[in-house]
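Coordinates from start_25.pdb are shown below (PDB, C-alpha atoms).
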ATOM      1  CA  MET P 137      53.712  11.787-104.137  1.00  0.00           C
ATOM      2  CA  LYS P 138      56.297  10.391-101.729  1.00  0.00           C
ATOM      3  CA  THR P 139      59.065   8.695-103.698  1.00  0.00           C
ATOM      4  CA  TRP P 140      61.994   6.675-102.439  1.00  0.00           C
ATOM      5  CA  VAL P 141      65.271   6.434-104.310  1.00  0.00           C
ATOM      6  CA  VAL P 142      67.392   3.375-103.580  1.00  0.00           C
ATOM      7  CA  VAL P 143      71.052   3.608-104.584  1.00  0.00           C
ATOM      8  CA  ALA P 144      72.745   0.215-104.336  1.00  0.00           C
ATOM      9  CA  SER P 145      75.653  -2.046-105.132  1.00  0.00           C
ATOM     10  CA  ALA P 146      76.744  -5.387-103.679  1.00  0.00           C
ATOM     11  CA  ALA P 147      78.664  -3.451-100.997  1.00  0.00           C
ATOM     12  CA  ARG P 148      76.193  -0.767 -99.919  1.00  0.00           C
ATOM     13  CA  ALA P 149      72.579   0.348-100.262  1.00  0.00           C
ATOM     14  CA  ARG P 150      71.260   3.804 -99.413  1.00  0.00           C
ATOM     15  CA  MET P 151      67.608   4.795 -99.377  1.00  0.00           C
ATOM     16  CA  PHE P 152      66.511   8.383 -99.880  1.00  0.00           C
ATOM     17  CA  GLU P 153      63.111   9.996 -99.574  1.00  0.00           C
ATOM     18  CA  ALA P 154      61.824  12.691-101.919  1.00  0.00           C
ATOM     19  CA  LEU P 155      58.662  14.470-100.801  1.00  0.00           C
ATOM     20  CA  GLY P 156      58.333  16.294-104.108  1.00  0.00           C
ATOM     21  CA  ARG P 157      60.037  16.701-107.434  1.00  0.00           C
ATOM     22  CA  ARG P 158      61.868  19.868-106.382  1.00  0.00           C
ATOM     23  CA  GLU P 159      62.380  18.919-102.735  1.00  0.00           C
ATOM     24  CA  PRO P 160      65.851  17.791-101.604  1.00  0.00           C
ATOM     25  CA  LEU P 161      66.494  14.100-100.985  1.00  0.00           C
ATOM     26  CA  HIS P 162      66.741  12.970 -97.375  1.00  0.00           C
ATOM     27  CA  GLU P 163      68.613   9.783 -96.536  1.00  0.00           C
ATOM     28  CA  VAL P 164      66.411   7.418 -94.508  1.00  0.00           C
ATOM     29  CA  LYS P 165      68.564   4.261 -94.407  1.00  0.00           C
ATOM     30  CA  ASP P 166      72.163   3.245 -95.068  1.00  0.00           C
ATOM     31  CA  MET P 167      72.934  -0.471 -95.311  1.00  0.00           C
ATOM     32  CA  VAL P 168      76.469  -1.815 -95.587  1.00  0.00           C
ATOM     33  CA  ASN P 169      77.482  -5.319 -96.631  1.00  0.00           C
ATOM     34  CA  PRO P 170      80.835  -5.950 -94.898  1.00  0.00           C
ATOM     35  CA  GLU P 171      81.122  -9.439 -96.422  1.00  0.00           C
ATOM     36  CA  ASP P 172      81.497  -7.870 -99.878  1.00  0.00           C
ATOM     37  CA  ARG P 173      85.019  -6.734 -98.946  1.00  0.00           C
ATOM     38  CA  LEU P 174      86.145 -10.260 -98.077  1.00  0.00           C
ATOM     39  CA  GLN P 175      88.277 -12.221-100.502  1.00  0.00           C
ATOM     40  CA  LYS P 176      86.906 -15.409-102.041  1.00  0.00           C
ATOM     41  CA  GLN P 177      89.302 -17.494 -99.907  1.00  0.00           C
ATOM     42  CA  GLU P 178      87.932 -15.870 -96.747  1.00  0.00           C
ATOM     43  CA  LEU P 179      84.358 -16.749 -97.714  1.00  0.00           C
ATOM     44  CA  GLU P 180      85.087 -20.425 -98.317  1.00  0.00           C
ATOM     45  CA  THR P 181      85.320 -22.244 -95.005  1.00  0.00           C
ATOM     46  CA  ASP P 182      87.003 -25.420 -96.210  1.00  0.00           C
ATOM     47  CA  ARG P 183      87.711 -27.629 -99.183  1.00  0.00           C
ATOM     48  CA  PRO P 184      84.757 -28.771-101.292  1.00  0.00           C
ATOM     49  CA  GLY P 185      83.020 -31.981-100.285  1.00  0.00           C
ATOM     50  CA  ARG P 186      83.695 -35.314-101.969  1.00  0.00           C
ATOM     51  CA  ALA P 187      81.247 -37.683-103.658  1.00  0.00           C
ATOM     52  CA  PHE P 188      81.307 -41.082-105.295  1.00  0.00           C
ATOM     53  CA  ASP P 189      80.686 -41.488-109.011  1.00  0.00           C
ATOM     54  CA  SER P 190      77.373 -43.079-109.868  1.00  0.00           C
ATOM     55  CA  LEU P 191      79.222 -45.850-111.724  1.00  0.00           C
ATOM     56  CA  GLY P 192      82.293 -47.365-110.129  1.00  0.00           C
ATOM     57  CA  GLY P 193      84.013 -46.537-106.887  1.00  0.00           C
ATOM     58  CA  HIS P 194      85.781 -43.351-107.883  1.00  0.00           C
ATOM     59  CA  ARG P 195      85.480 -40.197-105.810  1.00  0.00           C
ATOM     60  CA  HIS P 196      85.615 -36.602-106.960  1.00  0.00           C
ATOM     61  CA  ALA P 197      85.338 -33.131-105.477  1.00  0.00           C
ATOM     62  CA  MET P 198      81.956 -31.437-105.601  1.00  0.00           C
ATOM     63  CA  GLY P 199      82.018 -27.847-106.756  1.00  0.00           C
ATOM     64  CA  SER P 200      79.749 -25.116-105.463  1.00  0.00           C
ATOM     65  CA  PRO P 201      77.097 -24.192-108.061  1.00  0.00           C
ATOM     66  CA  VAL P 202      77.321 -20.486-107.088  1.00  0.00           C
ATOM     67  CA  ASP P 203      80.496 -18.494-106.495  1.00  0.00           C
ATOM     68  CA  PRO P 204      80.874 -17.400-102.825  1.00  0.00           C
ATOM     69  CA  LYS P 205      81.057 -13.705-103.811  1.00  0.00           C
ATOM     70  CA  GLU P 206      77.836 -14.134-105.776  1.00  0.00           C
ATOM     71  CA  GLN P 207      76.187 -15.772-102.753  1.00  0.00           C
ATOM     72  CA  VAL P 208      77.150 -12.749-100.626  1.00  0.00           C
ATOM     73  CA  ALA P 209      75.645 -10.392-103.223  1.00  0.00           C
ATOM     74  CA  ILE P 210      72.446 -12.473-103.398  1.00  0.00           C
ATOM     75  CA  ARG P 211      72.054 -12.428 -99.607  1.00  0.00           C
ATOM     76  CA  PHE P 212      72.526  -8.658 -99.536  1.00  0.00           C
ATOM     77  CA  ALA P 213      70.022  -8.179-102.378  1.00  0.00           C
ATOM     78  CA  LYS P 214      67.461 -10.180-100.352  1.00  0.00           C
ATOM     79  CA  GLU P 215      68.159  -7.959 -97.344  1.00  0.00           C
ATOM     80  CA  VAL P 216      67.719  -4.755 -99.369  1.00  0.00           C
ATOM     81  CA  VAL P 217      64.507  -6.000-100.993  1.00  0.00           C
ATOM     82  CA  GLY P 218      63.238  -7.028 -97.555  1.00  0.00           C
ATOM     83  CA  GLU P 219      63.721  -3.454 -96.310  1.00  0.00           C
ATOM     84  CA  LEU P 220      61.965  -2.059 -99.373  1.00  0.00           C
ATOM     85  CA  GLU P 221      59.070  -4.506 -99.044  1.00  0.00           C
ATOM     86  CA  ALA P 222      58.624  -3.580 -95.363  1.00  0.00           C
ATOM     87  CA  ALA P 223      58.657   0.144 -96.201  1.00  0.00           C
ATOM     88  CA  ARG P 224      56.117  -0.383 -98.996  1.00  0.00           C
ATOM     89  CA  HIS P 225      53.812  -2.333 -96.669  1.00  0.00           C
ATOM     90  CA  ALA P 226      54.128   0.467 -94.085  1.00  0.00           C
ATOM     91  CA  LYS P 227      53.175   2.944 -96.864  1.00  0.00           C
ATOM     92  CA  ARG P 228      56.396   4.917 -96.392  1.00  0.00           C
ATOM     93  CA  PHE P 229      56.533   5.495-100.168  1.00  0.00           C
ATOM     94  CA  GLU P 230      54.238   5.353-103.161  1.00  0.00           C
ATOM     95  CA  ALA P 231      56.852   5.205-105.903  1.00  0.00           C
ATOM     96  CA  LEU P 232      60.400   3.913-106.148  1.00  0.00           C
ATOM     97  CA  CYS P 233      63.439   4.785-108.262  1.00  0.00           C
ATOM     98  CA  VAL P 234      66.266   2.252-108.334  1.00  0.00           C
ATOM     99  CA  VAL P 235      69.874   3.195-109.090  1.00  0.00           C
ATOM    100  CA  ALA P 236      72.245   0.236-108.976  1.00  0.00           C
ATOM    101  CA  THR P 237      75.180  -1.408-110.668  1.00  0.00           C
ATOM    102  CA  PRO P 238      73.897  -3.481-113.608  1.00  0.00           C
ATOM    103  CA  HIS P 239      74.439  -6.897-112.009  1.00  0.00           C
ATOM    104  CA  PHE P 240      73.045  -5.875-108.629  1.00  0.00           C
ATOM    105  CA  LEU P 241      70.006  -4.268-110.280  1.00  0.00           C
ATOM    106  CA  GLY P 242      69.250  -7.683-111.786  1.00  0.00           C
ATOM    107  CA  LEU P 243      69.635  -9.384-108.394  1.00  0.00           C
ATOM    108  CA  LEU P 244      67.250  -6.861-106.835  1.00  0.00           C
ATOM    109  CA  ARG P 245      64.648  -7.206-109.604  1.00  0.00           C
ATOM    110  CA  GLU P 246      64.706 -11.026-109.353  1.00  0.00           C
ATOM    111  CA  ARG P 247      63.789 -10.839-105.657  1.00  0.00           C
ATOM    112  CA  MET P 248      61.091  -8.152-105.769  1.00  0.00           C
ATOM    113  CA  SER P 249      57.430  -8.955-105.377  1.00  0.00           C
ATOM    114  CA  ASP P 250      55.126  -7.949-108.231  1.00  0.00           C
ATOM    115  CA  ALA P 251      53.695  -5.120-106.114  1.00  0.00           C
ATOM    116  CA  LEU P 252      57.130  -3.672-105.366  1.00  0.00           C
ATOM    117  CA  ASP P 253      58.172  -4.049-108.995  1.00  0.00           C
ATOM    118  CA  ARG P 254      55.055  -2.144-110.119  1.00  0.00           C
ATOM    119  CA  SER P 255      55.928   0.737-107.790  1.00  0.00           C
ATOM    120  CA  ILE P 256      59.193   1.388-109.685  1.00  0.00           C
ATOM    121  CA  LYS P 257      58.986   4.626-111.696  1.00  0.00           C
ATOM    122  CA  GLY P 258      62.361   4.126-113.303  1.00  0.00           C
ATOM    123  CA  ASP P 259      65.830   2.718-112.904  1.00  0.00           C
ATOM    124  CA  LEU P 260      69.370   3.760-113.684  1.00  0.00           C
ATOM    125  CA  THR P 261      72.427   1.501-113.986  1.00  0.00           C
ATOM    126  CA  LYS P 262      75.163   3.404-112.152  1.00  0.00           C
ATOM    127  CA  ASP P 263      77.079   3.111-108.915  1.00  0.00           C
ATOM    128  CA  LEU P 264      76.201   6.248-106.960  1.00  0.00           C
ATOM    129  CA  THR P 265      76.606   4.724-103.486  1.00  0.00           C
ATOM    130  CA  ARG P 266      79.500   7.081-102.646  1.00  0.00           C
ATOM    131  CA  GLU P 267      77.774  10.237-103.893  1.00  0.00           C
ATOM    132  CA  ASP P 268      76.077  12.789-101.656  1.00  0.00           C
ATOM    133  CA  ALA P 269      72.324  13.428-101.726  1.00  0.00           C
ATOM    134  CA  VAL P 270      72.631  16.466-104.016  1.00  0.00           C
ATOM    135  CA  SER P 271      74.615  14.500-106.587  1.00  0.00           C
ATOM    136  CA  VAL P 272      72.198  11.557-106.425  1.00  0.00           C
ATOM    137  CA  GLN P 273      69.278  13.931-106.960  1.00  0.00           C
ATOM    138  CA  SER P 274      70.917  15.448-110.024  1.00  0.00           C
ATOM    139  CA  HIS P 275      71.267  11.958-111.547  1.00  0.00           C
ATOM    140  CA  VAL P 276      67.680  10.887-110.824  1.00  0.00           C
ATOM    141  CA  ALA P 277      65.843  14.207-111.331  1.00  0.00           C
ATOM    142  CA  HIS P 278      64.368  12.971-114.618  1.00  0.00           C
ATOM    143  CA  LEU P 279      62.968   9.885-112.837  1.00  0.00           C
ATOM    144  CA  LEU P 280      61.264  11.817-110.057  1.00  0.00           C
TER     145      LEU P 280
END
Structure rendered as structure tokens:
Amino acid sequence: MKTWVVVASAARARMFEALGRREPLHEVKDMVNPEDRLQKQELETDRPGRAFDSLGGHRHAMGSPVDPKEQVAIRFAKEVVGELEAARHAKRFEALCVVATPHFLGLLRERMSDALDRSIKGDLTKDLTREDAVSVQSHVAHLL
């Protein structure tokens, strides 16, 4: 059974292919999110907008409901899930293992279709994005 292992954080996502349980992992895609390195001030383009109170003529600043860094992570999660969905539709894998930081794992899961979610064999909450393929395989061997 062809299994993909996705190793992700808000900054980077790597996708590996495992052709068998004892076969070495081969990296098939490496995605980088350069916006993750930006400071919050660099992500905000200007001051928040202003609005009038519903009663009276007072004005106040409108805050953003989602932090700019969170918005960057959400956009990247959508991008990663889009790649996984396309690969699933192309039948490039039959099963999926997901290794991600806890928060990013939640962002990924929220954006997955039911079919992609059902293809997940297991998940692991760790940041292994900087590890080599051999190290990643040692961490996910029990999931394959």
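Evaluated against the shown file, the PyMOL selection byres ((chain P and resi 223-233) around 7) gives Met137, Lys138, Thr139, Trp140, Val141, Val142, Glu219, Leu220, Glu221, Ala222, Val234, Val235, Ser255, Ile256, Lys257, Gly258, Asp259 and Leu279 of chain P.
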Problem - Shell around Thr261 (chain P) at 8 Å using all atoms listed in the file, local window under 6 positions removed, as a PyMOL selection string - result: chain P and resi 235-238+241
Practice task
Quote the spacing between CA of Val276 (chain P) and CA of Glu206 (chain P) in Å to one decimal place.
Solution key: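 Value for the CA of Val276 (chain P)-CA of Glu206 (chain P) distance: 27.5 Å.
Relative to CA of Pro160 (chain P), CA of Asp250 (chain P) is found at 28.7 Å.
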Practice task
One decimal, Å: what's the distance from CA of Phe240 (chain P) over to CA of Phe152 (chain P), could you say?
Solution key: 18.0 Å
Practice task
Kindly indicate which residue among P:Ala251, P:Arg158, P:Glu153, P:Asp166 lies nearest to Arg266 (chain P), using all atoms listed in the file for the distances.
Solution key: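 Distance minimum relative to Arg266 (chain P) lands on P:Asp166.
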Handout entry: Residue members of the PyMOL selection byres ((chain P and resi 269) around 9) in the file shown, as a list in words
Key = Phe152, Pro160, Leu161, His162, Glu163, Glu267, Asp268, Val270, Ser271, Val272, Gln273 and Ser274 of chain P
Selected residues written out with C-alpha atoms, as a PDB file, in the frame of the given file:
ATOM      1  CA  PHE P 152      66.511   8.383 -99.880  1.00  0.00           C
ATOM      2  CA  PRO P 160      65.851  17.791-101.604  1.00  0.00           C
ATOM      3  CA  LEU P 161      66.494  14.100-100.985  1.00  0.00           C
ATOM      4  CA  HIS P 162      66.741  12.970 -97.375  1.00  0.00           C
ATOM      5  CA  GLU P 163      68.613   9.783 -96.536  1.00  0.00           C
ATOM      6  CA  GLU P 267      77.774  10.237-103.893  1.00  0.00           C
ATOM      7  CA  ASP P 268      76.077  12.789-101.656  1.00  0.00           C
ATOM      8  CA  VAL P 270      72.631  16.466-104.016  1.00  0.00           C
ATOM      9  CA  SER P 271      74.615  14.500-106.587  1.00  0.00           C
ATOM     10  CA  VAL P 272      72.198  11.557-106.425  1.00  0.00           C
ATOM     11  CA  GLN P 273      69.278  13.931-106.960  1.00  0.00           C
ATOM     12  CA  SER P 274      70.917  15.448-110.024  1.00  0.00           C
TER      13      SER P 274
END
On this structure, which residues satisfy the PyMOL selection byres ((chain P and resi 211) around 12), written as an mmCIF file with C-alpha atoms, in the frame of the given file?
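File result-v2.cif, as written:
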data_model
loop_
_atom_site.group_PDB
_atom_site.id
_atom_site.type_symbol
_atom_site.label_atom_id
_atom_site.label_comp_id
_atom_site.auth_asym_id
_atom_site.auth_seq_id
_atom_site.Cartn_x
_atom_site.Cartn_y
_atom_site.Cartn_z
ATOM 1 C CA ALA P 146 76.744 -5.387 -103.679
ATOM 2 C CA ALA P 147 78.664 -3.451 -100.997
ATOM 3 C CA ASN P 169 77.482 -5.319 -96.631
ATOM 4 C CA PRO P 170 80.835 -5.950 -94.898
ATOM 5 C CA GLU P 171 81.122 -9.439 -96.422
ATOM 6 C CA ASP P 172 81.497 -7.870 -99.878
ATOM 7 C CA PRO P 204 80.874 -17.400 -102.825
ATOM 8 C CA LYS P 205 81.057 -13.705 -103.811
ATOM 9 C CA GLU P 206 77.836 -14.134 -105.776
ATOM 10 C CA GLN P 207 76.187 -15.772 -102.753
ATOM 11 C CA VAL P 208 77.150 -12.749 -100.626
ATOM 12 C CA ALA P 209 75.645 -10.392 -103.223
ATOM 13 C CA ILE P 210 72.446 -12.473 -103.398
ATOM 14 C CA PHE P 212 72.526 -8.658 -99.536
ATOM 15 C CA ALA P 213 70.022 -8.179 -102.378
ATOM 16 C CA LYS P 214 67.461 -10.180 -100.352
ATOM 17 C CA GLU P 215 68.159 -7.959 -97.344
ATOM 18 C CA VAL P 216 67.719 -4.755 -99.369
ATOM 19 C CA VAL P 217 64.507 -6.000 -100.993
ATOM 20 C CA GLY P 218 63.238 -7.028 -97.555
ATOM 21 C CA PHE P 240 73.045 -5.875 -108.629
ATOM 22 C CA LEU P 243 69.635 -9.384 -108.394
ATOM 23 C CA LEU P 244 67.250 -6.861 -106.835
ATOM 24 C CA ARG P 247 63.789 -10.839 -105.657
#
